Every structure is written in structure tokens, then in C-alpha cells.
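In what follows, a structure is listed as C-alpha cells, so that the remarks can point back to it.
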Amino acid sequence: MSQSKTTPKLIPGDEAAELAGAVAADPLAPVLAAIRAPGGYGKSTLLAELGRAFRQADVPVLSVREALSEPARCREAAIVVDDAHRLPGGQLERLADLASDERTRLIAAYRPWPRSPALADLTGILERTRPALLLRPLDRAGITGRAAALLADSLAGREPPAGLIDQLEEQTGGVPRYVDRVLEALRQAHRGTVPQAPFQVPATAVTRFQAELERLDPGVHRLLLAKAVAPGLHIDLLTALLGLDIDVAWELMDGARATGMLDDGDALLPLAQRAVAALSPPERKLSVQRQLIEGQRERGGPMLALARPLLGTGVGGTTIAAAFEEAGDEALAESPELAVECYAAAIAAGAPAAKLTGRQAQAAGLSGDFDTALRLADRMVGGADEADRAHAANVAGTVLAHRGLLGHSAELYRWSGSAPGAAFAVIGLIGTGHLAEAEELLAAHRNSGPPMLASSAAARMARGVYESVTEEAATALATLTRASSMLQPVGRAELLPDTPAALAALVALHCGEFTVADAVLERAIHAKMGGTLTVRRHRLLQAWGAMLRGDTVTARERLAEAVRARGHLEPRDALTASALRVGIARRESNLGGLREAWEQASEATVGHPADLFSLLPLGELAVAAGRLGGQDRLASHLAEAEALLAQLGNPPLWEATLRWYRMHAAIAAEQPGAAEPQVAALSAMAGKHSYFAVLATAARSWLNVATRNIDPAEVEAAARGLHDAGLHWDGPRLAGQAAIHTADRKGMLRLLDCARFLQGKTPRQATENPARGEPSAEPRTEPSAPTPADTLSERERDVAQLVVEGFTYKEIGQRLFISAKTVEYHVARMRQRLGCVSRSDLLEQLRLLIGPRPS
């Protein structure tokens with residue numbers, strides 16, 4: 001039940017001030033008044049003020065005992081009655097007789113409950129002349145005034161902090177007694193300083209509830225205690241679980257409201273909830289909790305809200321153990337960490353460990369605590385129950401998949417014998433190159449297991465991965481996308497080695513369907529598929545798609561979101577993240593960042609064998625290795641990848657992208673001969689998919705650039721093809737590299753314009769006529785009109801490369817064994833040749849043409 005912060009709807013106007021003013025103005029006049037309010041609303045304070053007004057006019061103030069023992073004095077005195085609801089019926093009847101005299105001054109304050117017939121008769125007489133005065137909680141201004149008064153020494157004339165007032169209002173609901181109680185406790189705890197929000201309510205403010213709780217009717221106390229330990233339950237359900245019939249429930253609710261501890265939504269005020277829970281005897285509290293739990297179990301209702309307060313208390317028994325078990329099942333999807341606690345508490349409370357260890361391991365896995373998940377699963381694998389062994393094997397298989405050990409993961413899944421395990425084993429077998437075994441397993445489990453969403457989605461995942469190596473890319477992508485849609489409604493609590501969304505995205509990224517990849521991943525994130533465990537995987541793949549499209553800003557943002565997720569990176573995600581850092585640095589021409597990211601990535605590759613689903617990061621790292629001279633570090637991984645693809649029959653979907661990367665790696669390492677086989681392989685796959693055809697054409701152009709055999713028209717067509725295919729960084733890059741290496745002046749300008757256009761910049765030809773402000777029909781004349789032979793020399797290219805990478809003239813000279821003056825000369829020549837009017841313009845042109853290095 002939510003706790004309202006609004007004040008109750010009471011009689012408008014400041015009736016309390018009006019009554020006090022009337023008494024002060026004519027204290028000798030007869031007056032009858034009833035003051036009704038829950039406890040803590042200031043009835044006693046108002047009565048004390050009225051008593052002072054009477055005494056100042058020399059009107060005696062009589063108590064109930066005095067008035068009833070000396071009735072003759074009543075006509076000359078004022079009778080002030082506090083807590084009239086506590087008086088015996090006989091005294092109330094005698095007070096009613098006194099109130100019948102028109103000359104009487106009688107003011108009585110009482111709570112709305114209990115309301116006896118005698119009290120009703122008395123208040124009926126008192127209300128003949130004026131309606132009952134209903135006191136209201138303090139509003140924000142009232143709380144501020146109270147705080148200013150009680151904290152005056154600390155505030156030194158300043159206004160109380162707004163946050164302090166907000167928290168006071170939230171904790172106390174504006175009940176004057178509770179506001180004063182908290183403020184006094186804060187004043188003692190913060191001597192001489194102003195309390196700042198958020199503040200911790202001092203324990204002294206809580207312990208002062210003790211006397212109130214001891215005076216409570218036992219039934220009301222029990223109801224308040226139930227509301228304290230189960231604040232989320234509606235009052236109707238709460239009273240039903242306590243076994244109260246409707247009349248008794250209404251009566252007790254009236255009593256609970258009369259305490260002043262409830263807000264207008266019948267929820268305990270936060271301060272009161274803490275006090276009731278902390279100060280009630282433990283045995284009474286546990287008794288109420290047990291009764292609520294038993295009632296809820298009989299009804300089959302949710303258990304988490306009732307069982308959670310018992311965590312860490314050490315209570316046990318069959319009922320409590322069952323409650324913890326059910327609470328763990330409820331928490332599994334939204335809070336697997338809490339589920340782990342609940343299952344452990346159930347076992348500690350007496351539930352059989354063998355019954356719960358599997359779910360405990362699953363919850364640990366979903367929360368990312370893989371060490372605990374493996375430890376629990378390992379304990380179960382040797383158990384006697386077949387279902388438990390299968391569950392344990394599936395949990396362990398999932399953990400190993402996330403840790404990059406796909407082969408071992410497949411073995412465990414296969415050993416489990418379950419239908420989902422068989423599906424995940426197929427994925428692992430194909431991912432490690434064991435196609436024949438995967439086909440056998442796929443056929444054997446074609447119709448096994450109930451047609452539930454989770455198991456059906458797993459079967460489709462296996463089918464989609466199989467199709468990715470045996471069918472067209474579109475077929476596999478469709479199957480995996482449908483599997484993802486099927487799993488979305490139920491996938492939050494599923495412990496998965498990989499999600500269908502991630503696999504669909506991988507297929508999409510390998511065949512150029514970048515928009516599809518991003519969309520399926522975003523839907524999976526929204527649906528929390530695979531729980532919080534897989535959000536990182538999905539964000540990393542989104543980052544990869546953005547990077548391939550040349551959007552390094554978004555790629556870096558998605559990478560940061562993934563890395564910020566809780567827990568450390570497991571090997572599979574660590575490999576992807578490190579390769580992303582490498583790829584982003586390479587595309588941003590950040591040589592320092594590239595070197596740093598490469599070192600981190602080299603470590604990430606050590607514990608991650610090559611598999612089908614790691615070809616993208618492996619390829620990106622291969623390019624960096626070629627650029628930085630680290631080919632030896634990746635040689636074994638690339639050999640494993642080649643062997644794996646060969647075992648799978650070299651499926652074009654997975655092979656094409658790796659060939660594309662390896663071609664770039666060879667060119668970056670200045671080994672065009674090593675690039676030729678990769679280009680030839682891509683050419684052989686060109687007819688399999690339009691995206692592969694684009695890569696094949698561009699690969700041939702890259703090889704021609706590396707060997708200085710450049711046809712500007714062919715290069716431009718290839719660059720535009722890359723751009724149209726979504727590779728918005730690669731297209732301009734190809735055109736720029738060709739421009740810097742061609743010996744044809746016209747070709748250089750054409751390719752440079754192409755690169756600028758593909759980057760969203762205005763081509764050189766589209767400049768305005770300065771005289772008329774209109775586009776010129778002819779290309780503008782370049783300064784100094786160099787001839788076609790006036791292209792950058794090899795030495796100038798070397799200098800340009802180092803200028804782009806941020807080295808000073810002195811550092812460049814040291815690297816190239818020339819003087820800094822000679823470097824300055826080469827830079828001036830390049831600036832003139834490219835028609836640059838400033839150094840920043842020159843750097844922009846060189847970045848476009850050079851980048852970190854031809855790759």
C-alpha cells in the first residue's frame with residue numbers, strides 16, 4: 001500500500017484558533033465544545049492553552065474528578081476534559097448532565113475511537129452549539145514554523161533547510177507530536193549544527209513510542225504490527241490473513257486510525273512503522289508474521305513482501321522455509337541476488353538443500369556470481385537425482401559459455417540430456433566447428449520436450465545457428481529473430497549461454513543488416529531478456545554495430561554503459577569490449593589509444609579460444625596486430641578460426657567478415673601478398689550475398705591501393721558501395737587512401753571529393769562563385785596549379801602519417817632521420833599542394849587521406 005503524504009480533508013478554517021480566541025475574548029461566557037482528533041494531533045496542547053485563558057480571567061479550571069465531586073463549583077468554573085474516550089460510562093453520563101445546563105463551560109477532547117454510547121451522548125450535547133472541532137496535521141508552513149522554533153539556536157535566524165522539512169513531512173505526516181519528537185531528537189544529536197537531509201532519525205525519537213504502544217488495545221496493536229511487517233498488503237487482505245471478520249476488522253481499523261500513526265491512506269507513517277516494528281516484543285512480531293505467511297500460503301498469494309523482513313533473523317520451521325522458497329521464486333526474475341538470499345534462508349530454515357541448490361545456482365548465475373553458481377552446480381552434478389544433475393549441468397554450461405569456454409559448455413549441455421540443454425549444446429558444437437555432431441543432436445531432439453516458450457525458443461536458437469552455416473543468411477536471421485520474439489515475454493529468469501537476440505545481432509552484423517541488429521537488441525534490453533546478466537552483452541553488440549557504421553560517439557557511449565554494469569567483465573564480454581576499444585581508437589586515428597587498447601586486448605585473448613561467435617573481435621584485433629606489429633600474438637587464434645571455418649564448410653556468412661578483416665590486417669602490416677588470398681576468397685563469395693559482393697569489390701580496390709594500381713572510377717564505386725552498405729567510415733577511408741597514393745592529379749581530386757562527400761562534406765566542385773554568391777559551373781582553380789605528377793612523395797606520406805598521429809617536427813625528424821627544418825619544409829609543400837589555408841585545414845585533409853596508416 002502506498003503511503004500518502006496529503007493531509008486529511010477536514011473542516012476548513014482555523015477552528016482551533018477561533019475557539020481559543022472566543023475563550024480569550026470572553027472567558028466568563030458559557031461555552032460547550034468538543035475537540036476530536038487522533039493521538040498526537042495537539043488536543044492536550046489546545047486544552048492547556050484554553051485553561052490558561054480561563055485562569056487569566058480568574059475562572060477556575062476543574063478536572064473531571066473535581067467537577068463530579070463538587071458540582072456546586074461548576075457554574076463558576078470551566079470544566080476541561082482530556083481523553084474523554086477513556087472515561088467510564090458513568091462519568092460521561094454525569095458530564096452530559098452538567099453540559100445540559102446552559103450556563104456551563106465544558107470543553108472535552110477525545111479520540112474518534114473507542115466511541116461508547118455515553119461518549120456519543122456527551123458529544124451530541126456539546127455539538128448543539130458548535131460542530132466538533134477537528135484538529136488537522138501540520139501543513140508545510142506549520143512544520144517549518146515548528147522547526148524554526150525548536151532549532152532556533154542552530155539556525156541563527158535562517159530558514160530551516162527545505163530538504164529537512166521535506167523529510168520531516170514524509171516521516172511524520174505532519175502529526176505535531178511526531179514532528180516535535182523528531183526535531184527534539186535531532187536537536188540533541190546535532191548540538192549547535194543544523195541537521196541536513198537526508199538525516200537518520202535518531203533512535204530516541206523511536207523509543208518514545210514505547211509508552212504509546214504499551215497502552216494500545218491488543219487487537220489494534222496486532223493490526224498495527226501486521227501493517228508494520230507487511231506494509232505492501234492492502235488492509236482488506238491484511239485483515240483476512242489475520243482471520244478477522246469484517247465487523248472486527250472495521251472496529252480495529254478505527255482504533256488504528258485513532259492512534260495517529262496512520263496517514264489518510266491507512267498506511268503506517270514511516271516513523272511509526274519503524275517504531276512498531278522495533279519496539280514490539282519479538283515473539284509477538286514473529287507470531288504475526290507466521291500467521292500472515294500461513295494465511296498467504298493458503299490463499300496462494302505472493303510471498304516475497306512477507307518473507308523478506310525475516311531474512312537474517314534466523315527463524316526456522318517448515319512454514320518459514322516454504323515461505324523463503326516461494327519468495328526466492330518470486331524474486332528470481334527481477335532480483336536474482338535477493339533470490340539467492342531467500343533460497344539460502346530456506347535451506348537454513350530447514351528446507352532440503354538438494355531441492356533448492358539448483359535454483360540457488362541459477363539465481364547466482366543470473367546475478368553474475370559465476371563462482372558461486374559453479375560451486376553449487378558442481379555439488380549437484382554428483383547427486384543422485386537425474387533432474388538435479390541436468391539442472392546443474394545446464395547452469396555450469398551457461399557459466400562456461402560466458403567465460404569463453406564454448407567447447408566445454410557444449411559438453412555439459414549435451415551431458416544434461418534435457419531438451420534446452422541439447423539445443424544449447426548444438427549451438428556450442430557449431431560454434432566450435434563440430435557440425436556433424438550438432439546435426440546428429442539436432443535430429444535426435446527435433447520433437448523432444450514440452451512446447452513451452454523457453455524450450456521452443458532454445459530449439460529455434462539452435463536451428464537458427466545451424467541455418468547460419470548451411471542456409472542463406474536471411475533464413476538464419478529470420479529464425480533467430482523469431483526465437484528472440486518468442487523468448488521476450490518469459491526470458492527474464494532464463495539463465496542462457498547466449499540470447500537469441502545476441503545471436504540474431506551477430507548474424508545481422510556479419511551480413512550488413514546493422515539496423516536489424518540494433519532493433520532486435522533494443523527490444524531484448526527492454527524486455528530484460530536473460531535478466532541483468534545479458535544487458536552488457538546486448539550493449540556491447542550495439543556498440544559494435546555503431547562502430548561499424550562509423551558512429552564512434554554512440555559506440556563509446558554503449559561501451560561505457562556496458563562497462564558500468566555491475567560486476568567484472570567475463571572473458572567473452574572482456575574480449576568484445578577490448579576489441580571495441582581497439583576499433584574505436586583505430587577509426588578515430590588515435591595511435592596512443594590504439595596501442596593502449598591493444599595491450600589490454602592481448603590479455604583478453606589469452607583466456608578465450610577462438611569460436612564462431614568471436615570472429616568480429618578477433619578480426620578487429622588482427623587489424624590492430626598488423627598495424628602495431630603484433631601478429632605473433634594472434635597467430636594461433638587466427639589459425640584456430642581458419643580451422644573452425646574449414647570444419648564448418650567455410651560458411652560465407654561467418655567467413656566473409658573475417659576475410660575482410662584479414663585483408664586489412666595484411667595491408668596494415670604492409671604485406672599485400674598476404675592480402676591476395678583474402679581478396680580471392682571474398683571474390684568467390686561475392687555471389688552469395690549483396691553485402692559480400694560489396695566487401696569483395698572494396699577488397700580488390702584496397703589491394704590495388706596497396707600495390708599502387710589505382711583506377712579512380714573503380715575505387716569511387718567501391719567506396720560508395722561501402723557507404724551505401726552502412727560502412728560509413730570504410731567508404732571515405734578507401735577513397736582517401738586511394739587519393740593519397742594515386743599519381744593522377746585528376747584522380748586524386750576526384751577521390752578526395754568522393755571521400756569528403758561520403759563524410760557528409762561539400763565536394764570541392766560545389767564552391768560558390770565569390771562574385772555572385774552562386775554555385776560555380778566550373779571547378780575552382782587550385783593555387784599553383786600543380787601537374788598530375790605533383791602528388792605526395794613517399795617521404796611526404798611518411799611525414800604526413802606522423803603529423804596526423806600528433807608527433808612534433810623534432811620527433812618526426814628523429815624517427816625519419818631528417819632535420820626538423822626539413823620536416824617543416826615537407827609540411828609547407830603539402831599545405832600548398834592540397835590548397836590548405838590553415839594548419840587545421842591541413843590536418844583535416846591529412847586525416848582524411850592518411851588516418852593512422854593504410855589499413
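Labels used: A, B, ... for chains in the order of the C-alpha cells, numbers from 1 for residues in each chain, and numbers from 1 for ligands as shown.
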
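Residues in contact with Ala444 (chain A) at 12 Å, where only C-alpha atoms are counted and same-chain residues fewer than 3 positions away are skipped, are listed as A:Arg414, A:Gly417, A:Ser418, A:Ala419, A:Ala422, A:Ala423, A:Val426, A:Glu437, A:Ala438, A:Glu439, A:Glu440, A:Leu441, A:Asn447, A:Ser448, A:Gly449, A:Ala459.
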
Go ahead and save the residues from that selection, with N, CA and C atoms, as an mmCIF file, in the first residue's frame.
data_model
loop_
_atom_site.group_PDB
_atom_site.id
_atom_site.type_symbol
_atom_site.label_atom_id
_atom_site.label_comp_id
_atom_site.auth_asym_id
_atom_site.auth_seq_id
_atom_site.Cartn_x
_atom_site.Cartn_y
_atom_site.Cartn_z
ATOM 1 N N ARG A 414 25.272 -31.126 -23.400
ATOM 2 C CA ARG A 414 24.944 -32.408 -24.030
ATOM 3 C C ARG A 414 24.759 -33.485 -22.971
ATOM 4 N N GLY A 417 21.212 -33.932 -20.978
ATOM 5 C CA GLY A 417 20.136 -34.740 -21.512
ATOM 6 C C GLY A 417 18.803 -34.028 -21.633
ATOM 7 N N SER A 418 18.713 -32.776 -21.182
ATOM 8 C CA SER A 418 17.446 -32.047 -21.280
ATOM 9 C C SER A 418 17.271 -31.450 -22.673
ATOM 10 N N ALA A 419 16.033 -31.139 -23.019
ATOM 11 C CA ALA A 419 15.763 -30.557 -24.335
ATOM 12 C C ALA A 419 16.446 -29.201 -24.509
ATOM 13 N N ALA A 422 20.138 -29.779 -24.891
ATOM 14 C CA ALA A 422 20.508 -30.276 -26.219
ATOM 15 C C ALA A 422 20.586 -29.124 -27.218
ATOM 16 N N ALA A 423 19.624 -28.184 -27.133
ATOM 17 C CA ALA A 423 19.629 -27.040 -28.051
ATOM 18 C C ALA A 423 20.876 -26.188 -27.849
ATOM 19 N N VAL A 426 23.930 -27.866 -29.232
ATOM 20 C CA VAL A 426 24.037 -27.698 -30.690
ATOM 21 C C VAL A 426 24.731 -26.378 -31.015
ATOM 22 N N GLU A 437 28.370 -33.570 -35.344
ATOM 23 C CA GLU A 437 27.795 -33.905 -34.044
ATOM 24 C C GLU A 437 26.568 -33.041 -33.762
ATOM 25 N N ALA A 438 26.626 -31.789 -34.179
ATOM 26 C CA ALA A 438 25.484 -30.904 -33.970
ATOM 27 C C ALA A 438 24.278 -31.378 -34.773
ATOM 28 N N GLU A 439 24.511 -31.822 -35.990
ATOM 29 C CA GLU A 439 23.405 -32.316 -36.818
ATOM 30 C C GLU A 439 22.756 -33.539 -36.191
ATOM 31 N N GLU A 440 23.555 -34.445 -35.660
ATOM 32 C CA GLU A 440 23.012 -35.640 -35.009
ATOM 33 C C GLU A 440 22.153 -35.260 -33.799
ATOM 34 N N LEU A 441 22.664 -34.346 -32.993
ATOM 35 C CA LEU A 441 21.951 -33.940 -31.785
ATOM 36 C C LEU A 441 20.682 -33.177 -32.139
ATOM 37 N N ASN A 447 11.842 -33.254 -31.752
ATOM 38 C CA ASN A 447 10.492 -33.154 -31.193
ATOM 39 C C ASN A 447 10.467 -33.451 -29.691
ATOM 40 N N SER A 448 11.567 -33.266 -29.001
ATOM 41 C CA SER A 448 11.615 -33.603 -27.577
ATOM 42 C C SER A 448 11.247 -32.391 -26.731
ATOM 43 N N GLY A 449 10.699 -32.681 -25.554
ATOM 44 C CA GLY A 449 10.384 -31.619 -24.610
ATOM 45 C C GLY A 449 9.035 -30.999 -24.866
ATOM 46 N N ALA A 459 15.116 -24.198 -28.961
ATOM 47 C CA ALA A 459 15.178 -25.033 -30.162
ATOM 48 C C ALA A 459 15.340 -24.181 -31.416
#

Write out as a PyMOL selection string each polymer residue whose atoms come within 8 Å of region 692-708 of chain A, counting only C-alpha atoms; drop sequence neighbours fewer than 6 positions from it. chain A and resi 511+656+660+663+667+670+672+675-676+679+682-683+685-686+714-715+718-719+721-722+725+734+737-738+741-742+854

Would you give me, as a count of residues only, the residues in region 13-190 of chain A that DSSP reads as strand (DSSP E or B)? 20

Have a look at CA of Glu102 (chain A) and CA of Pro71 (chain A) and let me know their distance in Å, one decimal.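 These atoms are spaced 14.6 Å apart.
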
Kindly give the distance, in Å, that separates CA of Thr104 (chain A) and CA of Val31 (chain A), rounded to a single decimal.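 Answer for the CA of Thr104 (chain A) to CA of Val31 (chain A) separation: 6.5 Å.
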
Val61 (chain A) environment, 7 Å, only C-alpha atoms, sequence neighbours closer than 6 positions dropped, as a list of chain:residue names: A:Gly51, A:Phe54, A:Arg55, A:Ala77, A:Ala78, A:Ile79, A:Val80

When you draw a straight line from CA of Val175 (chain A) to CA of Leu138 (chain A), how long is it in Å? 6.3 Å

List as a list in words the protein and nucleic acid residues near Arg375 (chain A), meaning an atom at most 10 Å away when only C-alpha atoms are counted, but skip any in the same chain fewer than 3 places from it. Ala361, Phe370, Asp371, Thr372, Asp378, Arg379, Met380, Ala392 and Ala396 of chain A

Of the residues A:Pro651, A:Pro198, A:Gly42, A:Gly317, which is the one nearest to Asp180 (chain A), using only C-alpha atoms? A:Gly42

Please determine, counting only C-alpha atoms, which residue among A:Asp82, A:Glu588, A:Glu513, A:Glu334 has the shortest atom-to-atom distance to Gly491 (chain A). A:Glu334

Closest of A:Leu615, A:Ala462, A:Leu509, A:Ala20 to Ala443 (chain A) - atom-to-atom distances counting only C-alpha atoms: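 With only C-alpha atoms as the atom set, the closest residue is A:Ala462.
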
Would you mind listing what lies within 12 Å of Ser63 (chain A) as a PyMOL selection string, with only C-alpha atoms counted and same-chain residues fewer than 2 positions away left out? chain A and resi 47-48+51+60-61+65-71+73-74+77-84+91+95+106-108

Mind listing the alpha helix (DSSP H) residues of region 477-524 of chain A, per DSSP on the backbone, as JSON, numbers by chain? {"A": [477, 478, 479, 480, 481, 482, 483, 484, 485, 486, 487, 500, 501, 502, 503, 504, 505, 506, 507, 508, 509, 510, 514, 515, 516, 517, 518, 519, 520, 521, 522, 523, 524]}

Next, write the just-selected residues to a file, as a short mmCIF file (atom, residue, chain, number, x, y, z; two decimals), in the first residue's frame, keeping N, CA and C atoms as the atom set.
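Saved as again-v9.cif:
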data_model
loop_
_atom_site.label_atom_id
_atom_site.label_comp_id
_atom_site.auth_asym_id
_atom_site.auth_seq_id
_atom_site.Cartn_x
_atom_site.Cartn_y
_atom_site.Cartn_z
N LEU A 477 18.75 -15.41 -40.04
CA LEU A 477 18.38 -14.19 -39.35
C LEU A 477 16.91 -14.20 -38.97
N ALA A 478 16.06 -14.66 -39.87
CA ALA A 478 14.63 -14.73 -39.60
C ALA A 478 14.34 -15.69 -38.44
N THR A 479 14.99 -16.85 -38.45
CA THR A 479 14.75 -17.84 -37.40
C THR A 479 15.19 -17.32 -36.04
N LEU A 480 16.33 -16.71 -35.98
CA LEU A 480 16.84 -16.21 -34.70
C LEU A 480 16.03 -15.01 -34.20
N THR A 481 15.57 -14.17 -35.11
CA THR A 481 14.74 -13.04 -34.71
C THR A 481 13.41 -13.52 -34.14
N ARG A 482 12.83 -14.57 -34.75
CA ARG A 482 11.59 -15.12 -34.21
C ARG A 482 11.82 -15.77 -32.85
N ALA A 483 12.95 -16.41 -32.69
CA ALA A 483 13.28 -17.00 -31.39
C ALA A 483 13.37 -15.92 -30.32
N SER A 484 13.93 -14.78 -30.69
CA SER A 484 14.05 -13.68 -29.74
C SER A 484 12.67 -13.15 -29.37
N SER A 485 11.80 -12.99 -30.34
CA SER A 485 10.44 -12.52 -30.06
C SER A 485 9.70 -13.51 -29.17
N MET A 486 9.92 -14.79 -29.39
CA MET A 486 9.25 -15.83 -28.61
C MET A 486 9.71 -15.79 -27.15
N LEU A 487 10.96 -15.47 -26.91
CA LEU A 487 11.50 -15.52 -25.56
C LEU A 487 11.25 -14.24 -24.76
N PRO A 500 18.90 -15.32 -27.96
CA PRO A 500 18.60 -15.31 -29.39
C PRO A 500 18.77 -13.93 -30.01
N ALA A 501 18.56 -12.89 -29.19
CA ALA A 501 18.78 -11.53 -29.70
C ALA A 501 20.24 -11.29 -30.03
N ALA A 502 21.14 -11.75 -29.15
CA ALA A 502 22.57 -11.57 -29.41
C ALA A 502 23.01 -12.36 -30.64
N LEU A 503 22.51 -13.58 -30.78
CA LEU A 503 22.87 -14.40 -31.94
C LEU A 503 22.30 -13.79 -33.22
N ALA A 504 21.06 -13.31 -33.14
CA ALA A 504 20.48 -12.65 -34.31
C ALA A 504 21.29 -11.41 -34.69
N ALA A 505 21.72 -10.66 -33.67
CA ALA A 505 22.52 -9.46 -33.94
C ALA A 505 23.86 -9.83 -34.57
N LEU A 506 24.48 -10.90 -34.10
CA LEU A 506 25.75 -11.33 -34.69
C LEU A 506 25.57 -11.68 -36.16
N VAL A 507 24.52 -12.44 -36.46
CA VAL A 507 24.26 -12.78 -37.86
C VAL A 507 24.03 -11.51 -38.67
N ALA A 508 23.24 -10.58 -38.11
CA ALA A 508 22.95 -9.33 -38.82
C ALA A 508 24.22 -8.52 -39.06
N LEU A 509 25.09 -8.44 -38.07
CA LEU A 509 26.34 -7.68 -38.23
C LEU A 509 27.25 -8.31 -39.27
N HIS A 510 27.21 -9.64 -39.38
CA HIS A 510 28.06 -10.32 -40.36
C HIS A 510 27.54 -10.17 -41.79
N PHE A 514 22.71 -3.82 -40.18
CA PHE A 514 23.02 -3.12 -38.94
C PHE A 514 21.77 -2.61 -38.23
N THR A 515 20.80 -2.13 -38.99
CA THR A 515 19.56 -1.63 -38.38
C THR A 515 18.79 -2.75 -37.69
N VAL A 516 18.75 -3.91 -38.34
CA VAL A 516 18.08 -5.07 -37.74
C VAL A 516 18.77 -5.47 -36.44
N ALA A 517 20.08 -5.47 -36.44
CA ALA A 517 20.83 -5.84 -35.25
C ALA A 517 20.50 -4.91 -34.09
N ASP A 518 20.50 -3.61 -34.33
CA ASP A 518 20.23 -2.66 -33.27
C ASP A 518 18.82 -2.81 -32.74
N ALA A 519 17.86 -3.03 -33.64
CA ALA A 519 16.45 -3.13 -33.23
C ALA A 519 16.19 -4.36 -32.38
N VAL A 520 16.72 -5.50 -32.78
CA VAL A 520 16.47 -6.72 -32.02
C VAL A 520 17.16 -6.66 -30.66
N LEU A 521 18.31 -6.02 -30.60
CA LEU A 521 18.99 -5.86 -29.31
C LEU A 521 18.23 -4.91 -28.39
N GLU A 522 17.72 -3.83 -28.95
CA GLU A 522 16.98 -2.87 -28.12
C GLU A 522 15.71 -3.49 -27.55
N ARG A 523 15.03 -4.31 -28.35
CA ARG A 523 13.84 -4.99 -27.83
C ARG A 523 14.21 -5.96 -26.71
N ALA A 524 15.32 -6.65 -26.86
CA ALA A 524 15.76 -7.59 -25.83
C ALA A 524 16.12 -6.86 -24.54
#

Neighbour list for Ala346 (chain A) as a JSON list (two decimals) with N, CA and C atoms, in the first residue's frame, cut-off 7 Å, only C-alpha atoms, skip fewer than 2 positions in-chain:
[["chain", "number", "residue", "atom", "x", "y", "z"],
["A", 321, "ALA", "N", 10.39, -21.91, 6.07],
["A", 321, "ALA", "CA", 11.24, -22.41, 4.98],
["A", 321, "ALA", "C", 10.50, -22.38, 3.66],
["A", 322, "ALA", "N", 9.24, -22.82, 3.67],
["A", 322, "ALA", "CA", 8.44, -22.81, 2.44],
["A", 322, "ALA", "C", 8.22, -21.38, 1.95],
["A", 324, "PHE", "N", 10.26, -18.78, 2.40],
["A", 324, "PHE", "CA", 11.51, -18.33, 1.78],
["A", 324, "PHE", "C", 11.66, -18.92, 0.38],
["A", 325, "GLU", "N", 11.32, -20.17, 0.22],
["A", 325, "GLU", "CA", 11.43, -20.81, -1.09],
["A", 325, "GLU", "C", 10.55, -20.10, -2.12],
["A", 342, "CYS", "N", 17.12, -15.66, -0.42],
["A", 342, "CYS", "CA", 15.90, -16.36, 0.00],
["A", 342, "CYS", "C", 16.11, -17.87, -0.01],
["A", 343, "TYR", "N", 16.74, -18.40, -1.06],
["A", 343, "TYR", "CA", 16.97, -19.84, -1.11],
["A", 343, "TYR", "C", 17.91, -20.29, 0.01],
["A", 344, "ALA", "N", 18.93, -19.49, 0.27],
["A", 344, "ALA", "CA", 19.85, -19.83, 1.36],
["A", 344, "ALA", "C", 19.12, -19.81, 2.71],
["A", 348, "ALA", "N", 18.53, -22.82, 5.40],
["A", 348, "ALA", "CA", 18.87, -22.64, 6.81],
["A", 348, "ALA", "C", 17.66, -22.85, 7.71],
["A", 349, "ALA", "N", 16.46, -22.58, 7.18],
["A", 349, "ALA", "CA", 15.24, -22.73, 7.97],
["A", 349, "ALA", "C", 14.74, -24.17, 8.00],
["A", 350, "GLY", "N", 15.39, -25.05, 7.23],
["A", 350, "GLY", "CA", 15.03, -26.45, 7.29],
["A", 350, "GLY", "C", 14.61, -27.09, 5.98],
["A", 351, "ALA", "N", 14.59, -26.34, 4.88],
["A", 351, "ALA", "CA", 14.22, -26.94, 3.60],
["A", 351, "ALA", "C", 15.35, -27.84, 3.11]]

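Every protein, DNA or RNA residue with an atom at most 9 Å from Glu716 (chain A), where only C-alpha atoms count and chain neighbours fewer than 5 positions away do not, is listed here: Asp711, Gly721, Gly731, Leu734, Ala735, Arg750, Leu751, Cys754 and Ala755 of chain A.
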
How about saving the chosen residues, C-alpha atoms kept, as a compact mmCIF listing (two decimals), in the first residue's frame?
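For reference, out_31.txt as written:
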# COMPACT_ATOMS: atom_id res chain seq x y z
CA ASP A 711 41.66 3.17 -61.01
CA GLY A 721 29.24 0.79 -52.25
CA GLY A 731 33.89 4.17 -47.65
CA LEU A 734 39.09 3.82 -49.02
CA ALA A 735 38.64 6.90 -51.19
CA ARG A 750 38.07 13.12 -57.70
CA LEU A 751 38.75 10.63 -54.90
CA CYS A 754 34.33 11.45 -53.04
CA ALA A 755 35.78 10.98 -49.56

Taking only C-alpha atoms into account, which of A:Gln273, A:Ser154, A:Thr259, A:Ser578 comes nearest Ala37 (chain A)?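 When distances to Ala37 (chain A) are compared using only C-alpha atoms, the smallest one comes from A:Thr259.
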
Counting only C-alpha atoms, figure out which residue out of A:Arg460, A:Arg403, A:Arg130, A:Arg633 gets nearest to Glu18 (chain A).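 Ranked by minimum distance to Glu18 (chain A), first place goes to A:Arg130.
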